[in-house]
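Asks: Okay, handing you the structure first.
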Amino acid sequence: MSTKLVLMIEDSEHDREIYGRLLWYNNFDVICALDAEQGYWMAREARPDLILLDLGLPSGDGLDLCGRLRQEPAMAEIPVLVLSARPRVDYGRRAWEVGCACYLEKPIRPSDVLAEVERLIGPSTPPPRRAARPADFGAVPRAGGRGSLDVRPRRPPRRPGADAGPPATPPAAATLAAPPPAAPPPVAPPPAAPPPAATTPPAATPPAAIPPAATPPGPP
(Lines give C-alpha, C1' and ligand atoms only; values in the text may rest on other atoms or scores of the structure.)
Protein backbone atom coordinates (compact mmCIF):
# COMPACT_ATOMS: atom_id res chain seq x y z
CA MET A 1 0.00 0.00 0.00
CA SER A 2 0.97 3.64 -0.42
CA THR A 3 -0.31 7.05 0.59
CA LYS A 4 -3.30 7.89 -1.62
CA LEU A 5 -4.22 11.42 -2.67
CA VAL A 6 -7.86 12.50 -2.85
CA LEU A 7 -8.97 15.71 -4.53
CA MET A 8 -12.21 16.97 -2.98
CA ILE A 9 -14.06 19.49 -5.17
CA GLU A 10 -16.60 20.94 -2.74
CA ASP A 11 -17.79 24.49 -2.07
CA SER A 12 -19.39 23.69 1.30
CA GLU A 13 -16.99 24.38 4.15
CA HIS A 14 -19.04 22.13 6.41
CA ASP A 15 -18.71 19.16 4.06
CA ARG A 16 -15.02 19.80 3.48
CA GLU A 17 -14.47 19.64 7.21
CA ILE A 18 -16.44 16.41 7.66
CA TYR A 19 -15.13 14.39 4.74
CA GLY A 20 -11.68 15.97 4.59
CA ARG A 21 -10.98 15.11 8.22
CA LEU A 22 -12.49 11.67 7.79
CA LEU A 23 -10.08 10.88 4.96
CA TRP A 24 -7.11 12.55 6.60
CA TYR A 25 -7.55 10.59 9.83
CA ASN A 26 -7.62 7.43 7.72
CA ASN A 27 -4.20 8.20 6.22
CA PHE A 28 -5.30 9.79 2.94
CA ASP A 29 -3.70 12.98 1.70
CA VAL A 30 -6.48 15.46 0.90
CA ILE A 31 -6.49 18.57 -1.26
CA CYS A 32 -9.55 20.73 -1.81
CA ALA A 33 -10.90 22.88 -4.62
CA LEU A 34 -13.77 25.27 -4.01
CA ASP A 35 -15.21 25.46 -7.53
CA ALA A 36 -15.20 23.62 -10.85
CA GLU A 37 -12.48 25.65 -12.55
CA GLN A 38 -10.12 25.39 -9.64
CA GLY A 39 -10.86 21.67 -9.42
CA TYR A 40 -10.00 21.17 -13.09
CA TRP A 41 -6.56 22.75 -12.79
CA MET A 42 -5.79 21.07 -9.49
CA ALA A 43 -6.67 17.69 -10.99
CA ARG A 44 -4.32 18.34 -13.91
CA GLU A 45 -1.53 19.46 -11.64
CA ALA A 46 -1.77 17.01 -8.73
CA ARG A 47 -2.99 13.86 -10.57
CA PRO A 48 -4.92 12.50 -7.55
CA ASP A 49 -5.82 8.85 -7.03
CA LEU A 50 -9.51 9.77 -6.68
CA ILE A 51 -11.76 12.82 -7.11
CA LEU A 52 -14.59 13.38 -4.64
CA LEU A 53 -16.97 15.61 -6.57
CA ASP A 54 -19.91 17.77 -5.61
CA LEU A 55 -22.30 18.72 -8.44
CA GLY A 56 -23.58 22.16 -7.45
CA LEU A 57 -20.41 24.23 -7.79
CA PRO A 58 -20.09 28.02 -8.10
CA SER A 59 -18.28 28.18 -11.45
CA GLY A 60 -19.78 25.22 -13.26
CA ASP A 61 -21.66 21.95 -12.99
CA GLY A 62 -19.84 18.98 -11.50
CA LEU A 63 -20.95 16.59 -14.24
CA ASP A 64 -19.70 18.95 -16.93
CA LEU A 65 -16.38 19.02 -15.10
CA CYS A 66 -16.27 15.23 -15.01
CA GLY A 67 -16.83 15.06 -18.77
CA ARG A 68 -14.09 17.63 -19.28
CA LEU A 69 -11.66 15.59 -17.18
CA ARG A 70 -12.49 12.45 -19.14
CA GLN A 71 -11.30 14.16 -22.31
CA GLU A 72 -7.80 14.50 -20.84
CA PRO A 73 -5.81 11.30 -21.49
CA ALA A 74 -3.77 11.75 -18.31
CA MET A 75 -6.94 11.98 -16.17
CA ALA A 76 -9.32 9.66 -18.00
CA GLU A 77 -8.61 6.78 -15.60
CA ILE A 78 -8.93 8.71 -12.32
CA PRO A 79 -12.08 7.44 -10.56
CA VAL A 80 -14.66 10.15 -9.81
CA LEU A 81 -16.95 9.63 -6.85
CA VAL A 82 -19.97 11.96 -6.86
CA LEU A 83 -21.05 13.14 -3.41
CA SER A 84 -24.03 15.45 -3.87
CA ALA A 85 -27.35 16.46 -2.38
CA ARG A 86 -28.94 16.24 -5.83
CA PRO A 87 -31.20 13.17 -6.10
CA ARG A 88 -29.50 10.17 -7.60
CA VAL A 89 -32.69 9.23 -9.42
CA ASP A 90 -32.45 12.49 -11.41
CA TYR A 91 -28.69 12.73 -11.97
CA GLY A 92 -27.36 9.20 -11.57
CA ARG A 93 -27.85 8.18 -15.21
CA ARG A 94 -26.00 11.20 -16.57
CA ALA A 95 -23.25 10.68 -14.01
CA TRP A 96 -22.64 7.21 -15.38
CA GLU A 97 -22.68 8.54 -18.94
CA VAL A 98 -19.91 11.06 -18.28
CA GLY A 99 -17.77 8.45 -16.55
CA CYS A 100 -18.39 8.75 -12.80
CA ALA A 101 -17.45 5.60 -10.89
CA CYS A 102 -19.98 5.99 -8.08
CA TYR A 103 -22.84 8.28 -6.99
CA LEU A 104 -23.47 8.92 -3.29
CA GLU A 105 -26.39 11.08 -2.21
CA LYS A 106 -26.21 13.39 0.80
CA PRO A 107 -26.95 13.10 3.63
CA ILE A 108 -24.85 10.00 4.09
CA ARG A 109 -22.83 8.53 6.92
CA PRO A 110 -19.15 9.48 6.67
CA SER A 111 -18.17 5.86 7.24
CA ASP A 112 -20.05 4.91 4.05
CA VAL A 113 -18.08 7.51 2.10
CA LEU A 114 -14.81 6.12 3.47
CA ALA A 115 -15.85 2.57 2.59
CA GLU A 116 -16.61 3.59 -1.00
CA VAL A 117 -13.32 5.45 -1.37
CA GLU A 118 -11.40 2.41 -0.12
CA ARG A 119 -13.39 0.15 -2.43
CA LEU A 120 -12.36 2.23 -5.44
CA ILE A 121 -8.67 2.86 -4.67
CA GLY A 122 -7.88 0.76 -1.60
CA PRO A 123 -6.72 1.82 1.87
CA SER A 124 -3.99 4.37 2.32
CA THR A 125 -0.87 4.26 4.45
CA PRO A 126 0.47 7.34 6.20
CA PRO A 127 3.53 9.05 4.71
CA PRO A 128 6.81 8.68 6.62
CA ARG A 129 6.54 12.24 7.91
CA ARG A 130 2.91 13.05 8.65
CA ALA A 131 1.97 16.72 8.73
CA ALA A 132 0.22 18.15 11.74
CA ARG A 133 -3.57 17.90 11.79
CA PRO A 134 -4.97 20.65 9.56
CA ALA A 135 -7.03 23.35 11.22
CA ASP A 136 -9.20 23.53 8.11
CA PHE A 137 -9.23 22.06 4.63
CA GLY A 138 -8.60 24.47 1.78
CA ALA A 139 -6.85 24.64 -1.57
CA VAL A 140 -3.34 25.84 -0.90
CA PRO A 141 0.02 25.14 -2.50
CA ARG A 142 2.63 23.01 -0.87
CA ALA A 143 6.35 22.94 -1.22
CA GLY A 144 7.58 19.62 -2.46
CA GLY A 145 5.98 16.24 -1.96
CA ARG A 146 3.55 14.58 -4.30
CA GLY A 147 2.20 16.84 -7.05
CA SER A 148 2.31 20.51 -6.17
CA LEU A 149 -0.57 20.80 -3.72
CA ASP A 150 -1.18 19.68 -0.22
CA VAL A 151 -3.62 19.93 2.66
CA ARG A 152 -2.62 22.61 5.12
CA PRO A 153 -4.45 24.92 7.49
CA ARG A 154 -6.07 27.64 5.38
CA ARG A 155 -5.48 30.84 7.30
CA PRO A 156 -7.44 34.05 6.69
CA PRO A 157 -5.35 36.85 5.20
CA ARG A 158 -3.72 38.98 7.84
CA ARG A 159 -4.97 42.53 8.00
CA PRO A 160 -2.29 45.17 7.57
CA GLY A 161 -0.84 45.98 10.95
CA ALA A 162 -2.80 43.27 12.80
CA ASP A 163 -0.63 41.44 15.30
CA ALA A 164 2.36 42.67 13.43
CA GLY A 165 5.40 42.75 15.59
CA PRO A 166 8.43 44.88 14.90
CA PRO A 167 10.29 43.83 11.79
CA ALA A 168 12.91 41.30 12.51
CA THR A 169 16.39 42.72 12.57
CA PRO A 170 18.56 40.82 10.18
CA PRO A 171 21.54 39.27 11.87
CA ALA A 172 24.69 41.28 11.50
CA ALA A 173 26.97 39.95 8.87
CA ALA A 174 29.82 38.07 10.34
CA THR A 175 33.09 39.85 9.68
CA LEU A 176 36.45 38.23 9.85
CA ALA A 177 38.94 40.31 11.78
CA ALA A 178 42.30 40.62 10.13
CA PRO A 179 44.87 38.58 12.01
CA PRO A 180 47.47 40.64 13.87
CA PRO A 181 50.75 41.09 11.97
CA ALA A 182 53.25 38.40 12.67
CA ALA A 183 56.08 39.40 14.97
CA PRO A 184 59.38 39.82 13.11
CA PRO A 185 61.81 36.99 13.67
CA PRO A 186 64.38 37.72 16.42
CA VAL A 187 67.60 39.26 15.19
CA ALA A 188 70.53 36.92 15.61
CA PRO A 189 73.32 38.43 17.74
CA PRO A 190 76.51 39.28 15.85
CA PRO A 191 79.06 36.50 15.85
CA ALA A 192 81.51 36.63 18.74
CA ALA A 193 84.95 38.00 17.90
CA PRO A 194 87.51 35.23 17.72
CA PRO A 195 89.88 35.14 20.68
CA PRO A 196 93.26 36.81 20.04
CA ALA A 197 95.86 34.46 18.73
CA ALA A 198 98.35 33.31 21.34
CA THR A 199 101.77 34.85 20.77
CA THR A 200 105.03 33.24 21.84
CA PRO A 201 107.29 35.72 23.58
CA PRO A 202 110.71 36.04 21.92
CA ALA A 203 113.40 33.97 23.42
CA ALA A 204 115.52 35.84 25.90
CA THR A 205 118.95 36.84 24.61
CA PRO A 206 121.66 35.12 26.71
CA PRO A 207 123.90 37.57 28.50
CA ALA A 208 127.25 38.27 26.95
CA ALA A 209 130.16 36.25 28.33
CA ILE A 210 132.20 38.09 30.92
CA PRO A 211 135.86 38.15 29.83
CA PRO A 212 138.28 36.64 32.30
CA ALA A 213 139.91 39.05 34.60
CA ALA A 214 143.31 40.26 33.48
CA THR A 215 146.27 38.65 35.18
CA PRO A 216 148.12 41.22 37.08
CA PRO A 217 151.69 41.63 35.93
CA GLY A 218 154.41 39.89 37.87
CA PRO A 219 157.00 41.73 39.99
CA PRO A 220 159.74 43.18 38.04
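By convention in this document, the chains of the C-alpha coordinates carry letters A, B, ... by their order, each chain's residues are numbered from 1, and ligands are numbered from 1 in the order they are shown.
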Could you go through segment 36-145 of chain A and tell me which residues DSSP, when run on the backbone, assigns to helix (DSSP H, G or I), listing them as a CSV table (one decimal) with N, CA, C and O atoms, in the first residue's frame?

Replies:
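Just written: out-v5.csv:
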chain,number,residue,atom,x,y,z
A,36,ALA,N,-15.5,24.5,-9.8
A,36,ALA,CA,-15.2,23.6,-10.9
A,36,ALA,C,-13.9,24.0,-11.6
A,36,ALA,O,-13.1,23.1,-11.9
A,37,GLU,N,-13.7,25.3,-11.8
A,37,GLU,CA,-12.5,25.7,-12.6
A,37,GLU,C,-11.2,25.4,-11.8
A,37,GLU,O,-10.2,24.8,-12.3
A,38,GLN,N,-11.3,25.7,-10.5
A,38,GLN,CA,-10.1,25.4,-9.6
A,38,GLN,C,-9.9,23.9,-9.6
A,38,GLN,O,-8.8,23.4,-9.6
A,39,GLY,N,-11.0,23.1,-9.5
A,39,GLY,CA,-10.9,21.7,-9.4
A,39,GLY,C,-10.2,21.1,-10.7
A,39,GLY,O,-9.4,20.1,-10.6
A,40,TYR,N,-10.6,21.7,-11.8
A,40,TYR,CA,-10.0,21.2,-13.1
A,40,TYR,C,-8.5,21.3,-13.1
A,40,TYR,O,-7.7,20.4,-13.4
A,41,TRP,N,-8.0,22.5,-12.7
A,41,TRP,CA,-6.6,22.8,-12.8
A,41,TRP,C,-5.8,22.0,-11.7
A,41,TRP,O,-4.7,21.5,-11.9
A,42,MET,N,-6.4,21.8,-10.6
A,42,MET,CA,-5.8,21.1,-9.5
A,42,MET,C,-5.7,19.6,-9.9
A,42,MET,O,-4.7,18.9,-9.6
A,43,ALA,N,-6.7,19.1,-10.6
A,43,ALA,CA,-6.7,17.7,-11.0
A,43,ALA,C,-5.6,17.5,-12.0
A,43,ALA,O,-4.8,16.5,-12.0
A,44,ARG,N,-5.4,18.4,-12.9
A,44,ARG,CA,-4.3,18.3,-13.9
A,44,ARG,C,-2.9,18.4,-13.3
A,44,ARG,O,-2.0,17.7,-13.7
A,45,GLU,N,-2.8,19.2,-12.2
A,45,GLU,CA,-1.5,19.5,-11.6
A,45,GLU,C,-1.2,18.4,-10.6
A,45,GLU,O,0.0,17.9,-10.6
A,46,ALA,N,-2.1,17.9,-9.8
A,46,ALA,CA,-1.8,17.0,-8.7
A,46,ALA,C,-1.9,15.5,-9.1
A,46,ALA,O,-1.4,14.7,-8.5
A,62,GLY,N,-20.8,20.0,-11.8
A,62,GLY,CA,-19.8,19.0,-11.5
A,62,GLY,C,-19.8,17.9,-12.6
A,62,GLY,O,-18.7,17.4,-12.9
A,63,LEU,N,-20.9,17.6,-13.2
A,63,LEU,CA,-21.0,16.6,-14.2
A,63,LEU,C,-20.3,17.1,-15.5
A,63,LEU,O,-19.6,16.3,-16.2
A,64,ASP,N,-20.4,18.4,-15.8
A,64,ASP,CA,-19.7,18.9,-16.9
A,64,ASP,C,-18.2,18.9,-16.7
A,64,ASP,O,-17.4,18.6,-17.6
A,65,LEU,N,-17.8,19.1,-15.4
A,65,LEU,CA,-16.4,19.0,-15.1
A,65,LEU,C,-15.9,17.6,-15.3
A,65,LEU,O,-14.8,17.4,-15.8
A,66,CYS,N,-16.7,16.6,-14.9
A,66,CYS,CA,-16.3,15.2,-15.0
A,66,CYS,C,-16.1,14.9,-16.5
A,66,CYS,O,-15.1,14.2,-16.9
A,67,GLY,N,-17.0,15.3,-17.3
A,67,GLY,CA,-16.8,15.1,-18.8
A,67,GLY,C,-15.6,15.7,-19.3
A,67,GLY,O,-14.9,15.2,-20.2
A,68,ARG,N,-15.3,16.9,-18.8
A,68,ARG,CA,-14.1,17.6,-19.3
A,68,ARG,C,-12.8,16.9,-18.9
A,68,ARG,O,-11.9,16.8,-19.6
A,69,LEU,N,-12.8,16.3,-17.6
A,69,LEU,CA,-11.7,15.6,-17.2
A,69,LEU,C,-11.5,14.3,-18.0
A,69,LEU,O,-10.3,13.9,-18.3
A,70,ARG,N,-12.6,13.7,-18.4
A,70,ARG,CA,-12.5,12.4,-19.1
A,70,ARG,C,-11.9,12.6,-20.5
A,70,ARG,O,-11.5,11.7,-21.2
A,88,ARG,N,-30.2,11.1,-6.7
A,88,ARG,CA,-29.5,10.2,-7.6
A,88,ARG,C,-30.5,9.7,-8.7
A,88,ARG,O,-30.0,9.5,-9.9
A,89,VAL,N,-31.7,9.7,-8.4
A,89,VAL,CA,-32.7,9.2,-9.4
A,89,VAL,C,-32.7,10.2,-10.6
A,89,VAL,O,-33.0,9.8,-11.7
A,90,ASP,N,-32.4,11.5,-10.3
A,90,ASP,CA,-32.4,12.5,-11.4
A,90,ASP,C,-31.1,12.7,-12.1
A,90,ASP,O,-31.1,13.0,-13.3
A,91,TYR,N,-30.0,12.4,-11.4
A,91,TYR,CA,-28.7,12.7,-12.0
A,91,TYR,C,-27.8,11.5,-12.1
A,91,TYR,O,-26.7,11.6,-12.7
A,92,GLY,N,-28.2,10.4,-11.5
A,92,GLY,CA,-27.4,9.2,-11.6
A,92,GLY,C,-27.1,8.7,-13.0
A,92,GLY,O,-25.9,8.3,-13.3
A,93,ARG,N,-28.1,8.7,-13.9
A,93,ARG,CA,-27.8,8.2,-15.2
A,93,ARG,C,-26.8,9.0,-16.0
A,93,ARG,O,-25.9,8.5,-16.6
A,94,ARG,N,-27.0,10.3,-15.9
A,94,ARG,CA,-26.0,11.2,-16.6
A,94,ARG,C,-24.6,11.1,-16.0
A,94,ARG,O,-23.6,11.1,-16.7
A,95,ALA,N,-24.6,10.9,-14.6
A,95,ALA,CA,-23.3,10.7,-14.0
A,95,ALA,C,-22.5,9.5,-14.6
A,95,ALA,O,-21.3,9.5,-14.9
A,96,TRP,N,-23.3,8.4,-14.8
A,96,TRP,CA,-22.6,7.2,-15.4
A,96,TRP,C,-22.2,7.5,-16.8
A,96,TRP,O,-21.2,7.0,-17.3
A,97,GLU,N,-23.0,8.3,-17.5
A,97,GLU,CA,-22.7,8.5,-18.9
A,97,GLU,C,-21.4,9.3,-19.1
A,97,GLU,O,-20.7,9.2,-20.1
A,110,PRO,N,-20.6,9.4,7.1
A,110,PRO,CA,-19.2,9.5,6.7
A,110,PRO,C,-18.5,8.1,6.5
A,110,PRO,O,-17.6,8.0,5.6
A,111,SER,N,-18.8,7.2,7.4
A,111,SER,CA,-18.2,5.9,7.2
A,111,SER,C,-18.5,5.2,5.9
A,111,SER,O,-17.7,4.4,5.4
A,112,ASP,N,-19.7,5.5,5.4
A,112,ASP,CA,-20.1,4.9,4.1
A,112,ASP,C,-19.2,5.6,2.9
A,112,ASP,O,-18.9,4.9,2.0
A,113,VAL,N,-18.9,6.8,3.1
A,113,VAL,CA,-18.1,7.5,2.1
A,113,VAL,C,-16.7,6.9,2.1
A,113,VAL,O,-16.1,6.6,1.1
A,114,LEU,N,-16.1,6.7,3.3
A,114,LEU,CA,-14.8,6.1,3.5
A,114,LEU,C,-14.8,4.7,2.9
A,114,LEU,O,-13.8,4.4,2.2
A,115,ALA,N,-15.8,3.9,3.1
A,115,ALA,CA,-15.8,2.6,2.6
A,115,ALA,C,-15.8,2.6,1.1
A,115,ALA,O,-15.2,1.7,0.4
A,116,GLU,N,-16.6,3.5,0.5
A,116,GLU,CA,-16.6,3.6,-1.0
A,116,GLU,C,-15.3,4.1,-1.6
A,116,GLU,O,-14.8,3.6,-2.6
A,117,VAL,N,-14.6,5.0,-0.9
A,117,VAL,CA,-13.3,5.5,-1.4
A,117,VAL,C,-12.3,4.3,-1.3
A,117,VAL,O,-11.6,4.0,-2.3
A,118,GLU,N,-12.3,3.5,-0.2
A,118,GLU,CA,-11.4,2.4,-0.1
A,118,GLU,C,-11.8,1.3,-1.1
A,118,GLU,O,-10.9,0.5,-1.5
A,119,ARG,N,-13.0,1.2,-1.4
A,119,ARG,CA,-13.4,0.2,-2.4
A,119,ARG,C,-12.8,0.5,-3.8
A,119,ARG,O,-12.4,-0.4,-4.6
A,120,LEU,N,-12.8,1.8,-4.1
A,120,LEU,CA,-12.4,2.2,-5.4
A,120,LEU,C,-10.8,2.3,-5.6
A,120,LEU,O,-10.3,1.9,-6.6
A,121,ILE,N,-10.1,2.7,-4.5
A,121,ILE,CA,-8.7,2.9,-4.7
A,121,ILE,C,-7.9,2.1,-3.6
A,121,ILE,O,-6.7,2.2,-3.6

Asks: Report, in Å to a single decimal, how far apart atom CA of Asp54 of chain A and atom CA of Val30 of chain A are.

Replies: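 Those two atoms sit 15.1 Å apart.
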
Asks: Quote the spacing between atom CA of Leu104 of chain A and atom CA of Val80 of chain A in Å to one decimal place.

Replies: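 Spanning atom CA of Leu104 of chain A to atom CA of Val80 of chain A is a straight-line distance of 11.0 Å.
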
Asks: Have a look at A:Pro87, A:Pro128, A:Pro123, A:Pro48 and name the one nearest to Leu23 of chain A; count only C-alpha atoms.

Replies: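 With only C-alpha atoms as the atom set, the closest residue is A:Pro123.
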
Asks: Name the closest residue to Ala101 of chain A among the candidates A:Gly56, A:His14, A:Gln71, A:Ile51; distances are taken between atoms, counting only C-alpha atoms.

Replies: A:Ile51

Asks: Quick check for you: according to DSSP on this backbone, which residues of segment 14-80 of chain A are classed as strand (DSSP E)? Reply as a PDB file with N, CA and C atoms, in the first residue's frame.

Replies:
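Output saved as states-v8.pdb:
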ATOM      1  N   ASP A  29      -4.019  11.575   1.918  1.00  0.00           N
ATOM      2  CA  ASP A  29      -3.702  12.981   1.699  1.00  0.00           C
ATOM      3  C   ASP A  29      -4.915  13.608   1.012  1.00  0.00           C
ATOM      4  N   VAL A  30      -5.273  14.816   1.413  1.00  0.00           N
ATOM      5  CA  VAL A  30      -6.483  15.462   0.900  1.00  0.00           C
ATOM      6  C   VAL A  30      -6.137  16.867   0.439  1.00  0.00           C
ATOM      7  N   ILE A  31      -6.565  17.195  -0.781  1.00  0.00           N
ATOM      8  CA  ILE A  31      -6.492  18.569  -1.261  1.00  0.00           C
ATOM      9  C   ILE A  31      -7.902  18.980  -1.671  1.00  0.00           C
ATOM     10  N   CYS A  32      -8.190  20.258  -1.583  1.00  0.00           N
ATOM     11  CA  CYS A  32      -9.553  20.733  -1.807  1.00  0.00           C
ATOM     12  C   CYS A  32      -9.583  21.849  -2.835  1.00  0.00           C
ATOM     13  N   ALA A  33     -10.596  21.795  -3.688  1.00  0.00           N
ATOM     14  CA  ALA A  33     -10.903  22.882  -4.617  1.00  0.00           C
ATOM     15  C   ALA A  33     -12.300  23.374  -4.286  1.00  0.00           C
ATOM     16  N   LEU A  50      -8.043   9.755  -6.607  1.00  0.00           N
ATOM     17  CA  LEU A  50      -9.507   9.771  -6.675  1.00  0.00           C
ATOM     18  C   LEU A  50      -9.994  11.206  -6.557  1.00  0.00           C
ATOM     19  N   ILE A  51     -11.123  11.501  -7.221  1.00  0.00           N
ATOM     20  CA  ILE A  51     -11.760  12.816  -7.106  1.00  0.00           C
ATOM     21  C   ILE A  51     -13.109  12.641  -6.442  1.00  0.00           C
ATOM     22  N   LEU A  52     -13.307  13.365  -5.344  1.00  0.00           N
ATOM     23  CA  LEU A  52     -14.591  13.381  -4.636  1.00  0.00           C
ATOM     24  C   LEU A  52     -15.309  14.657  -5.076  1.00  0.00           C
ATOM     25  N   LEU A  53     -16.397  14.491  -5.812  1.00  0.00           N
ATOM     26  CA  LEU A  53     -16.967  15.607  -6.573  1.00  0.00           C
ATOM     27  C   LEU A  53     -18.385  15.952  -6.143  1.00  0.00           C
ATOM     28  N   GLY A  56     -23.201  20.751  -7.433  1.00  0.00           N
ATOM     29  CA  GLY A  56     -23.580  22.159  -7.450  1.00  0.00           C
ATOM     30  C   GLY A  56     -22.407  23.039  -7.058  1.00  0.00           C
ATOM     31  N   LEU A  57     -21.627  23.447  -8.044  1.00  0.00           N
ATOM     32  CA  LEU A  57     -20.415  24.230  -7.786  1.00  0.00           C
ATOM     33  C   LEU A  57     -20.575  25.648  -8.314  1.00  0.00           C
ATOM     34  N   GLY A  60     -19.483  26.236 -12.258  1.00  0.00           N
ATOM     35  CA  GLY A  60     -19.781  25.218 -13.264  1.00  0.00           C
ATOM     36  C   GLY A  60     -20.418  23.996 -12.636  1.00  0.00           C
ATOM     37  N   ASP A  61     -21.004  23.161 -13.475  1.00  0.00           N
ATOM     38  CA  ASP A  61     -21.657  21.947 -12.993  1.00  0.00           C
ATOM     39  C   ASP A  61     -20.628  20.834 -12.836  1.00  0.00           C
ATOM     40  N   VAL A  80     -13.931   8.990 -10.336  1.00  0.00           N
ATOM     41  CA  VAL A  80     -14.663  10.150  -9.811  1.00  0.00           C
ATOM     42  C   VAL A  80     -15.843   9.639  -9.011  1.00  0.00           C
TER      43      VAL A  80
END

Asks: Kindly indicate which residue among A:Thr3, A:Thr125, A:Asn27, A:Ser84 lies nearest to Leu55 of chain A, using only C-alpha atoms for the distances.

Replies: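 Among the listed residues, the smallest separation from Leu55 of chain A belongs to A:Ser84.
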